[in-house]
>>> print(open('run_38.cif').read())   # mmCIF, C-alpha atoms and all ligand atoms
data_structure
loop_
_atom_site.label_atom_id
_atom_site.label_comp_id
_atom_site.auth_asym_id
_atom_site.auth_seq_id
_atom_site.Cartn_x
_atom_site.Cartn_y
_atom_site.Cartn_z
CA GLU A 53 3.80 7.22 24.76
CA LYS A 54 0.62 7.20 26.78
CA ILE A 55 -0.62 9.80 24.41
CA ASN A 56 -0.64 7.16 21.70
CA GLN A 57 -3.58 5.48 23.33
CA ALA A 58 -5.63 8.61 23.38
CA LEU A 59 -4.79 9.14 19.76
CA LEU A 60 -6.71 6.10 18.74
CA ARG A 61 -9.88 8.13 19.15
CA ASP A 62 -9.82 10.98 16.77
CA ASP A 63 -6.35 12.21 16.11
CA PHE A 64 -5.79 9.70 13.37
CA VAL A 65 -6.98 10.42 9.87
CA ILE A 66 -6.69 8.27 6.81
CA TYR A 67 -5.47 9.87 3.63
CA PHE A 68 -5.56 8.28 0.22
CA GLN A 69 -3.14 8.47 -2.68
CA PRO A 70 -4.26 7.37 -6.15
CA ILE A 71 -2.42 4.70 -8.14
CA TYR A 72 -2.69 5.06 -11.91
CA ASN A 73 -2.70 2.69 -14.81
CA LEU A 74 0.29 3.97 -16.79
CA GLN A 75 -1.27 2.99 -20.09
CA ASN A 76 -4.55 4.88 -19.92
CA LYS A 77 -3.79 7.16 -16.94
CA LYS A 78 -6.89 6.07 -15.04
CA ILE A 79 -6.99 5.48 -11.31
CA ILE A 80 -7.03 1.76 -10.60
CA LYS A 81 -6.71 1.85 -6.85
CA ILE A 82 -5.95 4.10 -3.94
CA GLU A 83 -3.51 3.54 -1.09
CA ALA A 84 -4.68 4.30 2.44
CA LEU A 85 -2.05 6.22 4.39
CA LEU A 86 -2.22 7.05 8.05
CA ARG A 87 -1.92 10.67 9.13
CA TRP A 88 -2.28 12.21 12.48
CA ASN A 89 -3.27 15.63 13.60
CA SER A 90 -1.94 16.28 17.02
CA SER A 91 -1.19 19.69 18.28
CA GLU A 92 0.45 18.33 21.42
CA LEU A 93 3.25 16.39 19.84
CA GLN A 94 5.29 17.19 16.81
CA LEU A 95 5.83 13.77 15.33
CA THR A 96 5.61 12.70 11.73
CA THR A 97 3.59 9.62 10.88
CA SER A 98 6.72 7.56 10.35
CA GLU A 99 8.09 8.60 13.73
CA LEU A 100 4.78 7.75 15.32
CA ILE A 101 4.76 4.34 13.65
CA ALA A 102 8.32 3.69 14.81
CA VAL A 103 7.25 4.40 18.40
CA ALA A 104 4.11 2.30 18.05
CA GLU A 105 6.13 -0.61 16.68
CA LYS A 106 8.31 -0.56 19.78
CA THR A 107 5.39 -0.38 22.19
CA GLY A 108 3.30 -2.92 20.28
CA GLN A 109 0.53 -0.38 19.79
CA ILE A 110 0.99 -0.76 16.07
CA ILE A 111 -1.33 -3.75 16.25
CA GLU A 112 -4.20 -1.63 17.56
CA ILE A 113 -3.40 0.99 14.95
CA ASP A 114 -3.59 -1.64 12.20
CA ARG A 115 -6.95 -2.77 13.52
CA TRP A 116 -8.23 0.81 13.55
CA VAL A 117 -7.00 1.45 10.01
CA LEU A 118 -8.48 -1.77 8.67
CA ARG A 119 -11.87 -1.10 10.20
CA ASN A 120 -11.96 2.45 8.92
CA VAL A 121 -10.79 1.65 5.42
CA PHE A 122 -13.35 -1.14 5.13
CA LYS A 123 -16.01 1.27 6.34
CA PHE A 124 -14.93 3.82 3.75
CA ALA A 125 -14.92 1.24 0.96
CA TYR A 126 -18.29 -0.12 2.07
CA GLU A 127 -19.87 3.30 2.12
CA ASN A 128 -18.31 4.71 -1.02
CA LEU A 129 -16.71 2.22 -3.33
CA ARG A 130 -19.02 -0.74 -3.62
CA GLU A 131 -20.31 0.33 -7.02
CA ILE A 132 -17.00 1.70 -8.20
CA PRO A 133 -14.22 -0.24 -9.95
CA CYS A 134 -11.47 1.09 -7.73
CA GLY A 135 -9.38 -0.96 -5.32
CA VAL A 136 -7.95 0.11 -2.00
CA SER A 137 -4.58 -0.91 -0.64
CA ILE A 138 -3.73 -1.02 3.04
CA ASN A 139 -0.33 -1.25 4.70
CA ILE A 140 0.00 -4.06 7.21
CA SER A 141 2.68 -4.03 9.89
CA VAL A 142 5.15 -6.82 10.51
CA GLN A 143 3.76 -7.27 14.00
CA SER A 144 0.18 -7.87 12.91
CA LEU A 145 1.36 -10.32 10.30
CA ASN A 146 3.70 -12.31 12.45
CA SER A 147 1.33 -12.54 15.37
CA GLY A 148 -1.34 -13.85 13.02
CA VAL A 149 -3.99 -11.45 14.38
CA ILE A 150 -4.34 -9.97 10.95
CA ILE A 151 -6.69 -12.74 9.85
CA LYS A 152 -8.96 -12.06 12.81
CA PHE A 153 -8.96 -8.30 12.16
CA LEU A 154 -9.80 -8.81 8.51
CA GLN A 155 -12.64 -11.16 9.32
CA GLU A 156 -13.99 -8.72 11.89
CA ALA A 157 -13.87 -5.84 9.44
CA LEU A 158 -15.38 -7.88 6.63
CA CYS A 159 -18.19 -9.00 8.90
CA GLU A 160 -19.07 -5.44 9.85
CA PHE A 161 -18.58 -4.02 6.35
CA PRO A 162 -19.21 -6.76 3.81
CA ILE A 163 -17.31 -5.74 0.72
CA ASN A 164 -15.68 -7.79 -1.98
CA PRO A 165 -12.24 -8.75 -0.59
CA ALA A 166 -10.85 -8.70 -4.13
CA GLN A 167 -11.22 -4.93 -3.94
CA ILE A 168 -8.72 -4.84 -1.07
CA ALA A 169 -4.96 -5.18 -1.51
CA LEU A 170 -2.83 -5.81 1.55
CA GLU A 171 0.62 -4.24 1.33
CA ILE A 172 3.27 -6.27 3.02
CA THR A 173 6.90 -5.23 3.21
CA GLU A 174 9.58 -7.61 2.21
CA HIS A 175 11.45 -7.60 5.49
CA SER A 176 8.35 -8.70 7.36
CA LEU A 177 8.54 -11.98 5.50
CA ILE A 178 12.14 -12.77 6.27
CA ASP A 179 11.86 -13.91 9.87
CA ASN A 180 9.72 -16.89 9.27
CA PHE A 181 9.49 -17.87 5.68
CA GLU A 182 7.19 -20.83 6.10
CA ASN A 183 4.79 -19.02 8.38
CA SER A 184 4.64 -16.11 5.99
CA GLN A 185 4.02 -18.39 3.07
CA LYS A 186 1.13 -20.03 4.91
CA LEU A 187 -0.30 -16.71 6.00
CA ILE A 188 -0.23 -15.31 2.49
CA ARG A 189 -1.93 -18.41 1.21
CA ASN A 190 -4.66 -17.93 3.82
CA LEU A 191 -5.12 -14.28 2.91
CA LYS A 192 -5.40 -15.26 -0.74
CA THR A 193 -7.96 -17.91 0.13
CA LEU A 194 -10.04 -15.26 1.84
CA GLY A 195 -10.00 -13.42 -1.48
CA PHE A 196 -7.63 -10.53 -0.75
CA ASN A 197 -4.96 -9.24 -3.09
CA ILE A 198 -1.42 -9.12 -1.82
CA SER A 199 1.20 -6.53 -2.76
CA LEU A 200 4.87 -6.73 -1.92
CA ASP A 201 5.71 -3.20 -0.71
CA ASP A 202 8.99 -1.29 -0.84
CA PHE A 203 10.59 -3.84 -3.14
CA GLY A 204 14.27 -3.15 -3.50
CA THR A 205 14.93 -1.43 -0.20
CA ARG A 206 16.58 -4.15 1.81
CA TYR A 207 17.01 -7.71 0.70
CA SER A 208 15.16 -7.85 -2.60
CA SER A 209 15.16 -11.55 -2.67
CA LEU A 210 13.77 -12.67 -5.99
CA ASN A 211 13.09 -15.92 -4.21
CA TYR A 212 9.87 -14.47 -2.78
CA LEU A 213 8.43 -13.75 -6.17
CA SER A 214 8.12 -17.38 -7.13
CA LYS A 215 7.51 -18.81 -3.66
CA MET A 216 4.66 -16.57 -2.59
CA ALA A 217 1.52 -15.69 -4.49
CA PHE A 218 1.82 -11.92 -4.84
CA ASP A 219 -0.54 -10.09 -7.12
CA CYS A 220 1.49 -6.96 -7.21
CA LEU A 221 5.02 -5.75 -6.61
CA LYS A 222 5.73 -2.17 -5.56
CA ILE A 223 9.08 -0.90 -6.78
CA ASP A 224 10.56 1.38 -4.16
CA LYS A 225 10.96 5.10 -4.73
CA SER A 226 14.73 4.83 -4.31
CA TYR A 227 14.88 3.01 -7.64
CA VAL A 228 12.42 5.33 -9.31
CA ASP A 229 14.52 8.32 -8.23
CA ASN A 230 17.42 7.08 -10.33
CA ILE A 231 15.57 5.76 -13.29
CA ALA A 232 16.19 8.76 -15.52
CA THR A 233 19.95 8.50 -15.09
CA PHE A 234 19.97 5.18 -16.94
CA ASP A 235 22.46 3.70 -14.53
CA LYS A 236 22.58 0.18 -13.18
CA ASP A 237 19.45 0.76 -11.14
CA SER A 238 17.38 1.32 -14.22
CA LEU A 239 18.68 -1.91 -15.73
CA ILE A 240 17.65 -3.70 -12.57
CA ILE A 241 14.15 -2.23 -12.64
CA GLU A 242 13.76 -3.15 -16.26
CA GLN A 243 14.56 -6.78 -15.51
CA ILE A 244 12.34 -6.85 -12.44
CA ILE A 245 9.41 -5.53 -14.47
CA LYS A 246 9.99 -8.17 -17.14
CA LEU A 247 10.34 -10.95 -14.61
CA ALA A 248 7.21 -9.88 -12.74
CA ALA A 249 5.25 -9.76 -15.99
CA LYS A 250 6.32 -13.32 -16.81
CA LEU A 251 5.24 -14.45 -13.36
CA GLY A 252 1.87 -12.74 -13.79
CA ILE A 253 2.61 -10.14 -11.14
CA LYS A 254 1.62 -6.51 -11.70
CA THR A 255 4.21 -3.81 -11.06
CA VAL A 256 3.63 -0.46 -9.36
CA ALA A 257 6.31 2.23 -9.32
CA GLU A 258 6.27 4.31 -6.15
CA GLY A 259 7.27 7.91 -5.73
CA ILE A 260 7.08 9.08 -9.34
CA GLU A 261 7.82 12.81 -9.27
CA THR A 262 8.55 13.75 -12.86
CA GLU A 263 7.08 13.27 -16.29
CA MET A 264 10.38 11.79 -17.42
CA GLN A 265 10.23 9.06 -14.79
CA GLU A 266 6.65 8.32 -15.72
CA ARG A 267 7.46 8.02 -19.42
CA ILE A 268 10.42 5.74 -18.86
CA LEU A 269 8.50 3.44 -16.55
CA GLN A 270 5.65 3.21 -18.99
CA LYS A 271 8.09 2.35 -21.74
CA LEU A 272 9.67 -0.32 -19.60
CA GLY A 273 6.25 -1.92 -19.26
CA CYS A 274 5.54 -1.01 -15.67
CA ASP A 275 1.79 -1.43 -15.14
CA TYR A 276 0.95 1.18 -12.53
CA GLY A 277 2.40 4.31 -10.97
CA GLN A 278 1.97 6.37 -7.84
CA GLY A 279 3.62 9.59 -6.76
CA TYR A 280 3.55 13.35 -6.41
CA TYR A 281 3.74 13.72 -10.18
CA PHE A 282 0.17 12.40 -10.31
CA ALA A 283 -1.20 13.35 -6.92
CA ARG A 284 -0.29 13.68 -3.27
CA PRO A 285 -2.17 11.83 -0.55
CA MET A 286 -5.51 13.59 0.09
CA ASP A 287 -8.52 13.35 2.34
CA LYS A 288 -11.65 11.25 1.76
CA THR A 289 -13.67 13.98 0.13
CA ASP A 290 -10.99 14.88 -2.37
CA ILE A 291 -10.14 11.31 -3.28
CA LEU A 292 -13.78 10.46 -3.81
CA SER A 293 -14.37 13.31 -6.18
CA MET A 294 -11.17 12.44 -8.01
CA VAL A 295 -12.10 8.77 -8.35
CA THR A 296 -15.68 9.42 -9.44
CA ARG A 297 -14.57 12.02 -11.96
CA ASP A 298 -12.12 9.51 -13.38
CA ILE A 299 -14.79 6.83 -13.64
CA GLU A 300 -17.22 9.08 -15.52
CA PHE A 301 -14.77 9.36 -18.37
CA LEU A 302 -14.07 5.68 -18.69
O1 LIG B 1 6.14 2.58 2.43
P1 LIG B 1 5.07 3.11 1.53
O2 LIG B 1 5.37 2.88 0.09
O3 LIG B 1 3.72 2.64 1.93
O4 LIG B 1 5.10 4.70 1.75
C1 LIG B 1 4.29 5.60 1.11
C2 LIG B 1 4.75 6.98 1.54
O5 LIG B 1 5.43 7.62 0.47
C3 LIG B 1 3.62 7.89 1.95
O6 LIG B 1 3.92 8.49 3.16
C4 LIG B 1 3.54 8.92 0.83
O7 LIG B 1 3.12 10.18 1.30
C5 LIG B 1 4.95 8.95 0.32
N1 LIG B 1 5.00 9.31 -1.10
C6 LIG B 1 4.14 8.92 -2.05
N2 LIG B 1 4.47 9.42 -3.28
C7 LIG B 1 5.61 10.14 -3.08
C8 LIG B 1 6.44 10.93 -3.94
O8 LIG B 1 6.23 11.06 -5.16
N3 LIG B 1 7.51 11.54 -3.37
C9 LIG B 1 7.80 11.43 -2.05
N4 LIG B 1 8.87 12.06 -1.57
N5 LIG B 1 7.04 10.71 -1.20
C10 LIG B 1 5.94 10.07 -1.69
MN MN B 2 2.69 1.07 0.95
#
>>> encode(input="run_38.cif", output="structure tokens")
Amino acid sequence: EKINQALLRDDFVIYFQPIYNLQNKKIIKIEALLRWNSSELQLTTSELIAVAEKTGQIIEIDRWVLRNVFKFAYENLREIPCGVSINISVQSLNSGVIIKFLQEALCEFPINPAQIALEITEHSLIDNFENSQKLIRNLKTLGFNISLDDFGTRYSSLNYLSKMAFDCLKIDKSYVDNIATFDKDSLIIEQIIKLAAKLGIKTVAEGIETEMQERILQKLGCDYGQGYYFARPMDKTDILSMVTRDIEFL
């Protein structure tokens, strides 16, 4: 666990995965995903995050990611119509430090906050509904976009959709996996997409792996899609050339 501290220097890398508009197949934003290159320990990123959540180091990791993503956006995306989404841990949200971290990052790298989407998982909102509601309102006031991540994995309370001002809802891969079987799950997704549209919330399908899934989701009216079918997470250089190439053909 001590090694985690040392990691904060250079063993972390941020990868980016593009999110596409399903209508015109253009990149609309990119999701920042943490990776780590350590030869000493064989841990996947999700294992590392699980450890860091227990030790509380996740908060420092969040701060590091925020700062670095803002830096990246400041240096590369200011003139480019492409958003960036960032995953925020439950701990940083509930402790309220997230506001401070965002202000710090924005101060150092002044970008348009509307270009940044903060991805918040549903279960991080459960513990303290009122606090979460207030926090989301504050984040919105600062100008950030808010996405509800992993929708459908645990509680899927539709209650949140009307009570909190989300801009975007990310439909979990577990639903997308089953969409081509036309079972009950696909009926549920269809209704969620329709409901979100009526509430003015954009939908993103996560983990699209086949053309079939992509076609069905597009037909159901899902706005955006992300997944290996389009592209895997990639490093800064690759994502930048991909995004700029996409923009040239607008
Ligand atoms: O919880 P969140 O939705 O932020 O997780 C994103 C994770 O899902 C990343 O680690 C990313 O690499 C992974 N991922 C993205 N697209 C796909 C996909 O099409 N298939 C699979 N198996 N994993 C994916
Ligand atoms: Mn996410």
>>> residues_around(input="run_38.cif", residues="Glu127 in chain A", least_positions_apart="6", cutoff="12 Å", atoms="all atoms listed in the file", output="NGL selection string")
:A and (120-121 or 160-163 or 288 or 292)
>>> residues_around(input="run_38.cif", residues="Cys220 in chain A", least_positions_apart="2", cutoff="12 Å", atoms="only C-alpha atoms", output="number ranges by chain")
A: 137, 169-173, 196-203, 213, 216-218, 222-223, 245, 248-249, 251-257, 274-277
>>> atom_distance(input="run_38.cif", atom1="CA of Thr233 in chain A", atom2="atom O2 of ligand LIG 1 (chain B)")
21.8 Å
>>> residues_near_ligand(input="run_38.cif", ligand="ligand LIG 1 (chain B)", cutoff="6 Å", atoms="all atoms listed in the file", output="PyMOL selection string")
chain A and resi 202+259-261+279-280+285
>>> closest_residue(input="run_38.cif", among="A:Lys123, A:Lys271, A:Lys250, A:Lys225", to="ligand MN 2 (chain B)", atoms="only C-alpha atoms and all ligand atoms")
A:Lys225
>>> build_atoms(input="run_38.cif", residues="range 221-232 of chain A", atoms="all heavy atoms", output="PDB file, in the frame of the given file")
ATOM      1  N   LEU A 221       3.719  -6.040  -7.184  1.00  0.00           N
ATOM      2  CA  LEU A 221       5.020  -5.750  -6.610  1.00  0.00           C
ATOM      3  C   LEU A 221       5.238  -4.237  -6.683  1.00  0.00           C
ATOM      4  O   LEU A 221       5.095  -3.641  -7.756  1.00  0.00           O
ATOM      5  CB  LEU A 221       6.051  -6.485  -7.446  1.00  0.00           C
ATOM      6  CG  LEU A 221       7.513  -6.493  -7.062  1.00  0.00           C
ATOM      7  CD1 LEU A 221       8.148  -7.727  -7.667  1.00  0.00           C
ATOM      8  CD2 LEU A 221       8.220  -5.271  -7.608  1.00  0.00           C
ATOM      9  N   LYS A 222       5.533  -3.622  -5.562  1.00  0.00           N
ATOM     10  CA  LYS A 222       5.730  -2.170  -5.560  1.00  0.00           C
ATOM     11  C   LYS A 222       7.210  -1.840  -5.546  1.00  0.00           C
ATOM     12  O   LYS A 222       7.929  -2.142  -4.597  1.00  0.00           O
ATOM     13  CB  LYS A 222       5.016  -1.548  -4.357  1.00  0.00           C
ATOM     14  CG  LYS A 222       3.498  -1.765  -4.413  1.00  0.00           C
ATOM     15  CD  LYS A 222       2.760  -0.921  -3.392  1.00  0.00           C
ATOM     16  CE  LYS A 222       2.581   0.507  -3.877  1.00  0.00           C
ATOM     17  NZ  LYS A 222       1.732   1.298  -2.933  1.00  0.00           N
ATOM     18  N   ILE A 223       7.665  -1.244  -6.637  1.00  0.00           N
ATOM     19  CA  ILE A 223       9.080  -0.900  -6.780  1.00  0.00           C
ATOM     20  C   ILE A 223       9.349   0.367  -5.974  1.00  0.00           C
ATOM     21  O   ILE A 223       8.701   1.394  -6.171  1.00  0.00           O
ATOM     22  CB  ILE A 223       9.423  -0.677  -8.263  1.00  0.00           C
ATOM     23  CG1 ILE A 223       9.160  -1.960  -9.055  1.00  0.00           C
ATOM     24  CG2 ILE A 223      10.861  -0.211  -8.416  1.00  0.00           C
ATOM     25  CD1 ILE A 223       9.123  -1.745 -10.556  1.00  0.00           C
ATOM     26  N   ASP A 224      10.303   0.283  -5.088  1.00  0.00           N
ATOM     27  CA  ASP A 224      10.560   1.380  -4.160  1.00  0.00           C
ATOM     28  C   ASP A 224      11.008   2.666  -4.866  1.00  0.00           C
ATOM     29  O   ASP A 224      11.694   2.653  -5.883  1.00  0.00           O
ATOM     30  CB  ASP A 224      11.618   0.966  -3.146  1.00  0.00           C
ATOM     31  CG  ASP A 224      11.698   1.964  -2.010  1.00  0.00           C
ATOM     32  OD1 ASP A 224      10.726   2.037  -1.241  1.00  0.00           O
ATOM     33  OD2 ASP A 224      12.708   2.700  -1.923  1.00  0.00           O
ATOM     34  N   LYS A 225      10.629   3.768  -4.234  1.00  0.00           N
ATOM     35  CA  LYS A 225      10.960   5.100  -4.730  1.00  0.00           C
ATOM     36  C   LYS A 225      12.468   5.288  -4.963  1.00  0.00           C
ATOM     37  O   LYS A 225      12.880   6.001  -5.880  1.00  0.00           O
ATOM     38  CB  LYS A 225      10.457   6.129  -3.723  1.00  0.00           C
ATOM     39  CG  LYS A 225      10.768   7.564  -4.082  1.00  0.00           C
ATOM     40  CD  LYS A 225      10.142   8.528  -3.083  1.00  0.00           C
ATOM     41  CE  LYS A 225      10.338   9.972  -3.494  1.00  0.00           C
ATOM     42  NZ  LYS A 225      11.745  10.351  -3.708  1.00  0.00           N
ATOM     43  N   SER A 226      13.289   4.632  -4.149  1.00  0.00           N
ATOM     44  CA  SER A 226      14.730   4.830  -4.310  1.00  0.00           C
ATOM     45  C   SER A 226      15.208   4.389  -5.702  1.00  0.00           C
ATOM     46  O   SER A 226      16.148   4.968  -6.247  1.00  0.00           O
ATOM     47  CB  SER A 226      15.493   4.081  -3.210  1.00  0.00           C
ATOM     48  OG  SER A 226      15.125   2.724  -3.214  1.00  0.00           O
ATOM     49  N   TYR A 227      14.550   3.399  -6.264  1.00  0.00           N
ATOM     50  CA  TYR A 227      14.880   3.010  -7.640  1.00  0.00           C
ATOM     51  C   TYR A 227      14.316   4.002  -8.648  1.00  0.00           C
ATOM     52  O   TYR A 227      14.974   4.370  -9.613  1.00  0.00           O
ATOM     53  CB  TYR A 227      14.297   1.625  -7.965  1.00  0.00           C
ATOM     54  CG  TYR A 227      15.164   0.480  -7.515  1.00  0.00           C
ATOM     55  CD1 TYR A 227      14.735  -0.388  -6.528  1.00  0.00           C
ATOM     56  CD2 TYR A 227      16.419   0.265  -8.090  1.00  0.00           C
ATOM     57  CE1 TYR A 227      15.526  -1.448  -6.104  1.00  0.00           C
ATOM     58  CE2 TYR A 227      17.216  -0.788  -7.679  1.00  0.00           C
ATOM     59  CZ  TYR A 227      16.767  -1.642  -6.689  1.00  0.00           C
ATOM     60  OH  TYR A 227      17.540  -2.681  -6.282  1.00  0.00           O
ATOM     61  N   VAL A 228      13.084   4.404  -8.389  1.00  0.00           N
ATOM     62  CA  VAL A 228      12.420   5.330  -9.310  1.00  0.00           C
ATOM     63  C   VAL A 228      13.195   6.653  -9.398  1.00  0.00           C
ATOM     64  O   VAL A 228      13.340   7.239 -10.466  1.00  0.00           O
ATOM     65  CB  VAL A 228      10.950   5.561  -8.866  1.00  0.00           C
ATOM     66  CG1 VAL A 228      10.276   6.637  -9.714  1.00  0.00           C
ATOM     67  CG2 VAL A 228      10.175   4.246  -8.954  1.00  0.00           C
ATOM     68  N   ASP A 229      13.734   7.081  -8.266  1.00  0.00           N
ATOM     69  CA  ASP A 229      14.520   8.320  -8.230  1.00  0.00           C
ATOM     70  C   ASP A 229      15.653   8.337  -9.252  1.00  0.00           C
ATOM     71  O   ASP A 229      15.989   9.368  -9.806  1.00  0.00           O
ATOM     72  CB  ASP A 229      15.153   8.504  -6.838  1.00  0.00           C
ATOM     73  CG  ASP A 229      14.138   8.940  -5.794  1.00  0.00           C
ATOM     74  OD1 ASP A 229      13.051   9.411  -6.180  1.00  0.00           O
ATOM     75  OD2 ASP A 229      14.446   8.820  -4.589  1.00  0.00           O
ATOM     76  N   ASN A 230      16.243   7.161  -9.457  1.00  0.00           N
ATOM     77  CA  ASN A 230      17.420   7.080 -10.330  1.00  0.00           C
ATOM     78  C   ASN A 230      17.129   6.644 -11.751  1.00  0.00           C
ATOM     79  O   ASN A 230      18.042   6.517 -12.548  1.00  0.00           O
ATOM     80  CB  ASN A 230      18.427   6.096  -9.732  1.00  0.00           C
ATOM     81  CG  ASN A 230      18.956   6.581  -8.406  1.00  0.00           C
ATOM     82  OD1 ASN A 230      19.095   7.788  -8.194  1.00  0.00           O
ATOM     83  ND2 ASN A 230      19.233   5.667  -7.499  1.00  0.00           N
ATOM     84  N   ILE A 231      15.866   6.408 -12.015  1.00  0.00           N
ATOM     85  CA  ILE A 231      15.570   5.760 -13.290  1.00  0.00           C
ATOM     86  C   ILE A 231      15.977   6.598 -14.515  1.00  0.00           C
ATOM     87  O   ILE A 231      16.396   6.061 -15.528  1.00  0.00           O
ATOM     88  CB  ILE A 231      14.092   5.330 -13.378  1.00  0.00           C
ATOM     89  CG1 ILE A 231      13.880   4.399 -14.571  1.00  0.00           C
ATOM     90  CG2 ILE A 231      13.156   6.512 -13.510  1.00  0.00           C
ATOM     91  CD1 ILE A 231      13.211   3.148 -14.212  1.00  0.00           C
ATOM     92  N   ALA A 232      15.891   7.905 -14.378  1.00  0.00           N
ATOM     93  CA  ALA A 232      16.190   8.760 -15.520  1.00  0.00           C
ATOM     94  C   ALA A 232      17.688   8.917 -15.768  1.00  0.00           C
ATOM     95  O   ALA A 232      18.094   9.493 -16.769  1.00  0.00           O
ATOM     96  CB  ALA A 232      15.533  10.124 -15.337  1.00  0.00           C
TER      97      ALA A 232
END
